[in-house]
Amino acid sequence: VQLQASGGGLVQAGGSLRLSCAASGSTASIYLMGWYRQAPGKQREFVAFITNLGDTNYADSVKGRFAISRDIAKNTVYLQMNSLKPEDTAVYYCNTLQALGPPSWGQGTLVTVSS
């Protein structure tokens with residue numbers, strides 16, 4: 001599975017951004033799509049995921065502000081980010097788990113939140 005993320009950019013604190021990640025290749029066996037992020041000088045951390053059944057899970061730091069969704073027909077996962085904070089500044093990576101093959105990672109998209 002190949003992943004192409006987009007939608008990052010520069011936004012002021014309190015603003016919103018929507019990230020997208022399109023999957024291609026052997027997408028039929030994908031059962032989970034998610035987002036991670038890595039801030040400068042920090043380890044990569046979990047942000048959110050959504051399963052094929054529509055179940056979602058969020059990191060405590062983004063609950064109530066971020067929303068993950070998925071268009072199965074388009075093999076695309078979205079991350080709507082609202083009420084952004086400077087501490088949300090990071091490179092955001094999409095991720096998939098599939099029955100066939102190892103986990104896949106996108107190339108990352110940079111989100112910068114100015115105070």
# chains A, B, ... in the order shown; residues from 1 in each chain; ligands from 1
call {"tool": "residues_around", "arguments": {"residues": "Gln12 in chain A", "least_positions_apart": "4", "cutoff": "10 Å", "atoms": "only C-alpha atoms", "output": "ChimeraX atom specification"}}
result
/A:16,83-86,112-115
call {"tool": "closest_residue", "arguments": {"among": "A:Gln43, A:Asn95, A:Thr56, A:Ser61", "to": "Thr76 in chain A", "atoms": "only C-alpha atoms"}}
result
A:Asn95
call {"tool": "closest_residue", "arguments": {"among": "A:Tyr31, A:Asn75, A:Gly14, A:Lys42", "to": "Asp55 in chain A", "atoms": "only C-alpha atoms"}}
result
A:Tyr31
call {"tool": "residues_around", "arguments": {"residues": "Pro103 in chain A", "least_positions_apart": "5", "cutoff": "10 Å", "atoms": "only C-alpha atoms", "output": "list in words"}}
result
Val1, Ile30, Leu32, Met33, Asn95, Thr96, Leu97 and Gln98 of chain A
call {"tool": "closest_residue", "arguments": {"among": "A:Ala48, A:Ala5, A:Leu110, A:Ala59", "to": "Gly34 in chain A", "atoms": "only C-alpha atoms"}}
result
A:Ala48
call {"tool": "residues_around", "arguments": {"residues": "Asp60 in chain A", "least_positions_apart": "2", "cutoff": "12 Å", "atoms": "only C-alpha atoms", "output": "list in words"}}
result
Glu45, Phe46, Val47, Ala48, Asn57, Tyr58, Val62, Lys63, Gly64, Arg65 and Phe66 of chain A
call {"tool": "write_last_selection", "arguments": {"atoms": "N, CA, C and O atoms", "output": "PDB file, in the first residue's frame"}}
result
ATOM      1  N   GLU A  45       4.306  10.174  17.732  1.00  0.00           N
ATOM      2  CA  GLU A  45       3.234   9.800  18.649  1.00  0.00           C
ATOM      3  C   GLU A  45       1.933   9.585  17.898  1.00  0.00           C
ATOM      4  O   GLU A  45       1.678  10.171  16.851  1.00  0.00           O
ATOM      5  N   PHE A  46       1.098   8.749  18.492  1.00  0.00           N
ATOM      6  CA  PHE A  46      -0.208   8.430  17.940  1.00  0.00           C
ATOM      7  C   PHE A  46      -1.131   9.636  18.039  1.00  0.00           C
ATOM      8  O   PHE A  46      -1.135  10.357  19.040  1.00  0.00           O
ATOM      9  N   VAL A  47      -1.950   9.837  17.001  1.00  0.00           N
ATOM     10  CA  VAL A  47      -2.942  10.910  17.008  1.00  0.00           C
ATOM     11  C   VAL A  47      -4.360  10.332  16.985  1.00  0.00           C
ATOM     12  O   VAL A  47      -5.175  10.626  17.859  1.00  0.00           O
ATOM     13  N   ALA A  48      -4.667   9.523  15.975  1.00  0.00           N
ATOM     14  CA  ALA A  48      -6.019   8.983  15.837  1.00  0.00           C
ATOM     15  C   ALA A  48      -6.014   7.831  14.851  1.00  0.00           C
ATOM     16  O   ALA A  48      -5.140   7.742  13.995  1.00  0.00           O
ATOM     17  N   ASN A  57     -10.443   6.146  17.575  1.00  0.00           N
ATOM     18  CA  ASN A  57      -9.728   6.328  18.824  1.00  0.00           C
ATOM     19  C   ASN A  57      -8.826   7.541  18.663  1.00  0.00           C
ATOM     20  O   ASN A  57      -8.281   7.778  17.571  1.00  0.00           O
ATOM     21  N   TYR A  58      -8.686   8.301  19.732  1.00  0.00           N
ATOM     22  CA  TYR A  58      -7.908   9.539  19.687  1.00  0.00           C
ATOM     23  C   TYR A  58      -6.937   9.617  20.863  1.00  0.00           C
ATOM     24  O   TYR A  58      -7.223   9.120  21.960  1.00  0.00           O
ATOM     25  N   VAL A  62      -5.761  15.413  21.690  1.00  0.00           N
ATOM     26  CA  VAL A  62      -6.515  15.957  20.559  1.00  0.00           C
ATOM     27  C   VAL A  62      -8.015  15.685  20.668  1.00  0.00           C
ATOM     28  O   VAL A  62      -8.780  16.156  19.816  1.00  0.00           O
ATOM     29  N   LYS A  63      -8.433  14.952  21.669  1.00  0.00           N
ATOM     30  CA  LYS A  63      -9.867  14.651  21.826  1.00  0.00           C
ATOM     31  C   LYS A  63     -10.681  15.933  21.912  1.00  0.00           C
ATOM     32  O   LYS A  63     -10.314  16.870  22.608  1.00  0.00           O
ATOM     33  N   GLY A  64     -11.782  15.944  21.178  1.00  0.00           N
ATOM     34  CA  GLY A  64     -12.658  17.110  21.177  1.00  0.00           C
ATOM     35  C   GLY A  64     -12.238  18.190  20.204  1.00  0.00           C
ATOM     36  O   GLY A  64     -13.002  19.128  19.955  1.00  0.00           O
ATOM     37  N   ARG A  65     -11.034  18.082  19.646  1.00  0.00           N
ATOM     38  CA  ARG A  65     -10.558  19.092  18.691  1.00  0.00           C
ATOM     39  C   ARG A  65     -10.348  18.496  17.291  1.00  0.00           C
ATOM     40  O   ARG A  65     -10.551  19.189  16.290  1.00  0.00           O
ATOM     41  N   PHE A  66      -9.909  17.262  17.231  1.00  0.00           N
ATOM     42  CA  PHE A  66      -9.636  16.602  15.953  1.00  0.00           C
ATOM     43  C   PHE A  66     -10.720  15.559  15.674  1.00  0.00           C
ATOM     44  O   PHE A  66     -11.279  14.956  16.605  1.00  0.00           O
TER      45      PHE A  66
END
call {"tool": "atom_distance", "arguments": {"atom1": "CA of Ala23 in chain A", "atom2": "CA of Leu53 in chain A"}}
result
17.6 Å
call {"tool": "closest_residue", "arguments": {"among": "A:Cys94, A:Val11, A:Leu17, A:Met81", "to": "Gln38 in chain A", "atoms": "only C-alpha atoms"}}
result
A:Cys94
call {"tool": "residues_around", "arguments": {"residues": "Thr109 in chain A", "least_positions_apart": "6", "cutoff": "9 Å", "atoms": "only C-alpha atoms", "output": "short mmCIF file (atom, residue, chain, number, x, y, z; two decimals) with all heavy atoms, in the first residue's frame"}}
result
data_model
loop_
_atom_site.label_atom_id
_atom_site.label_comp_id
_atom_site.auth_asym_id
_atom_site.auth_seq_id
_atom_site.Cartn_x
_atom_site.Cartn_y
_atom_site.Cartn_z
N ALA A 5 -0.03 11.82 1.54
CA ALA A 5 -0.67 12.76 2.45
C ALA A 5 -0.58 14.18 1.90
O ALA A 5 0.36 14.53 1.19
CB ALA A 5 -0.01 12.70 3.82
N SER A 6 -1.58 14.99 2.25
CA SER A 6 -1.60 16.39 1.84
C SER A 6 -2.43 17.19 2.83
O SER A 6 -3.12 16.62 3.67
CB SER A 6 -2.19 16.51 0.42
OG SER A 6 -3.53 16.03 0.40
N GLY A 7 -2.35 18.52 2.69
CA GLY A 7 -3.20 19.39 3.49
C GLY A 7 -2.51 20.15 4.58
O GLY A 7 -3.13 20.98 5.25
N GLY A 8 -1.24 19.89 4.81
CA GLY A 8 -0.53 20.62 5.85
C GLY A 8 -0.30 22.07 5.44
O GLY A 8 -0.55 22.46 4.30
N GLY A 9 0.15 22.87 6.40
CA GLY A 9 0.43 24.26 6.12
C GLY A 9 0.63 25.05 7.39
O GLY A 9 0.78 24.48 8.48
N LEU A 19 -6.34 17.48 6.91
CA LEU A 19 -5.37 16.64 6.24
C LEU A 19 -6.08 15.51 5.50
O LEU A 19 -7.12 15.01 5.94
CB LEU A 19 -4.39 16.04 7.24
CG LEU A 19 -3.65 17.01 8.16
CD1 LEU A 19 -2.67 16.25 9.05
CD2 LEU A 19 -2.95 18.08 7.38
N ALA A 90 3.87 19.88 14.02
CA ALA A 90 4.55 18.61 13.83
C ALA A 90 4.44 18.20 12.36
O ALA A 90 3.66 18.80 11.60
CB ALA A 90 3.93 17.51 14.70
N VAL A 91 5.20 17.19 12.01
CA VAL A 91 4.98 16.51 10.74
C VAL A 91 3.97 15.39 11.01
O VAL A 91 4.16 14.58 11.92
CB VAL A 91 6.29 15.92 10.17
CG1 VAL A 91 6.00 15.15 8.89
CG2 VAL A 91 7.30 17.03 9.92
N TYR A 92 2.91 15.39 10.24
CA TYR A 92 1.83 14.41 10.41
C TYR A 92 1.98 13.31 9.37
O TYR A 92 2.12 13.59 8.17
CB TYR A 92 0.48 15.09 10.29
CG TYR A 92 0.12 15.88 11.53
CD1 TYR A 92 0.78 17.07 11.84
CD2 TYR A 92 -0.87 15.44 12.41
CE1 TYR A 92 0.49 17.78 13.00
CE2 TYR A 92 -1.19 16.15 13.56
CZ TYR A 92 -0.50 17.31 13.85
OH TYR A 92 -0.81 18.02 14.98
N TYR A 93 1.93 12.07 9.84
CA TYR A 93 2.09 10.91 8.98
C TYR A 93 0.82 10.06 9.01
O TYR A 93 0.28 9.80 10.09
CB TYR A 93 3.25 10.03 9.47
CG TYR A 93 4.60 10.69 9.45
CD1 TYR A 93 5.07 11.39 10.55
CD2 TYR A 93 5.42 10.62 8.33
CE1 TYR A 93 6.32 12.00 10.55
CE2 TYR A 93 6.67 11.22 8.31
CZ TYR A 93 7.11 11.91 9.42
OH TYR A 93 8.35 12.51 9.41
N CYS A 94 0.37 9.63 7.84
CA CYS A 94 -0.73 8.69 7.82
C CYS A 94 -0.16 7.27 7.82
O CYS A 94 0.98 7.05 7.41
CB CYS A 94 -1.66 8.92 6.64
SG CYS A 94 -0.89 8.87 5.03
#
call {"tool": "atom_distance", "arguments": {"atom1": "CA of Asp71 in chain A", "atom2": "CA of Ser24 in chain A"}}
result
13.1 Å
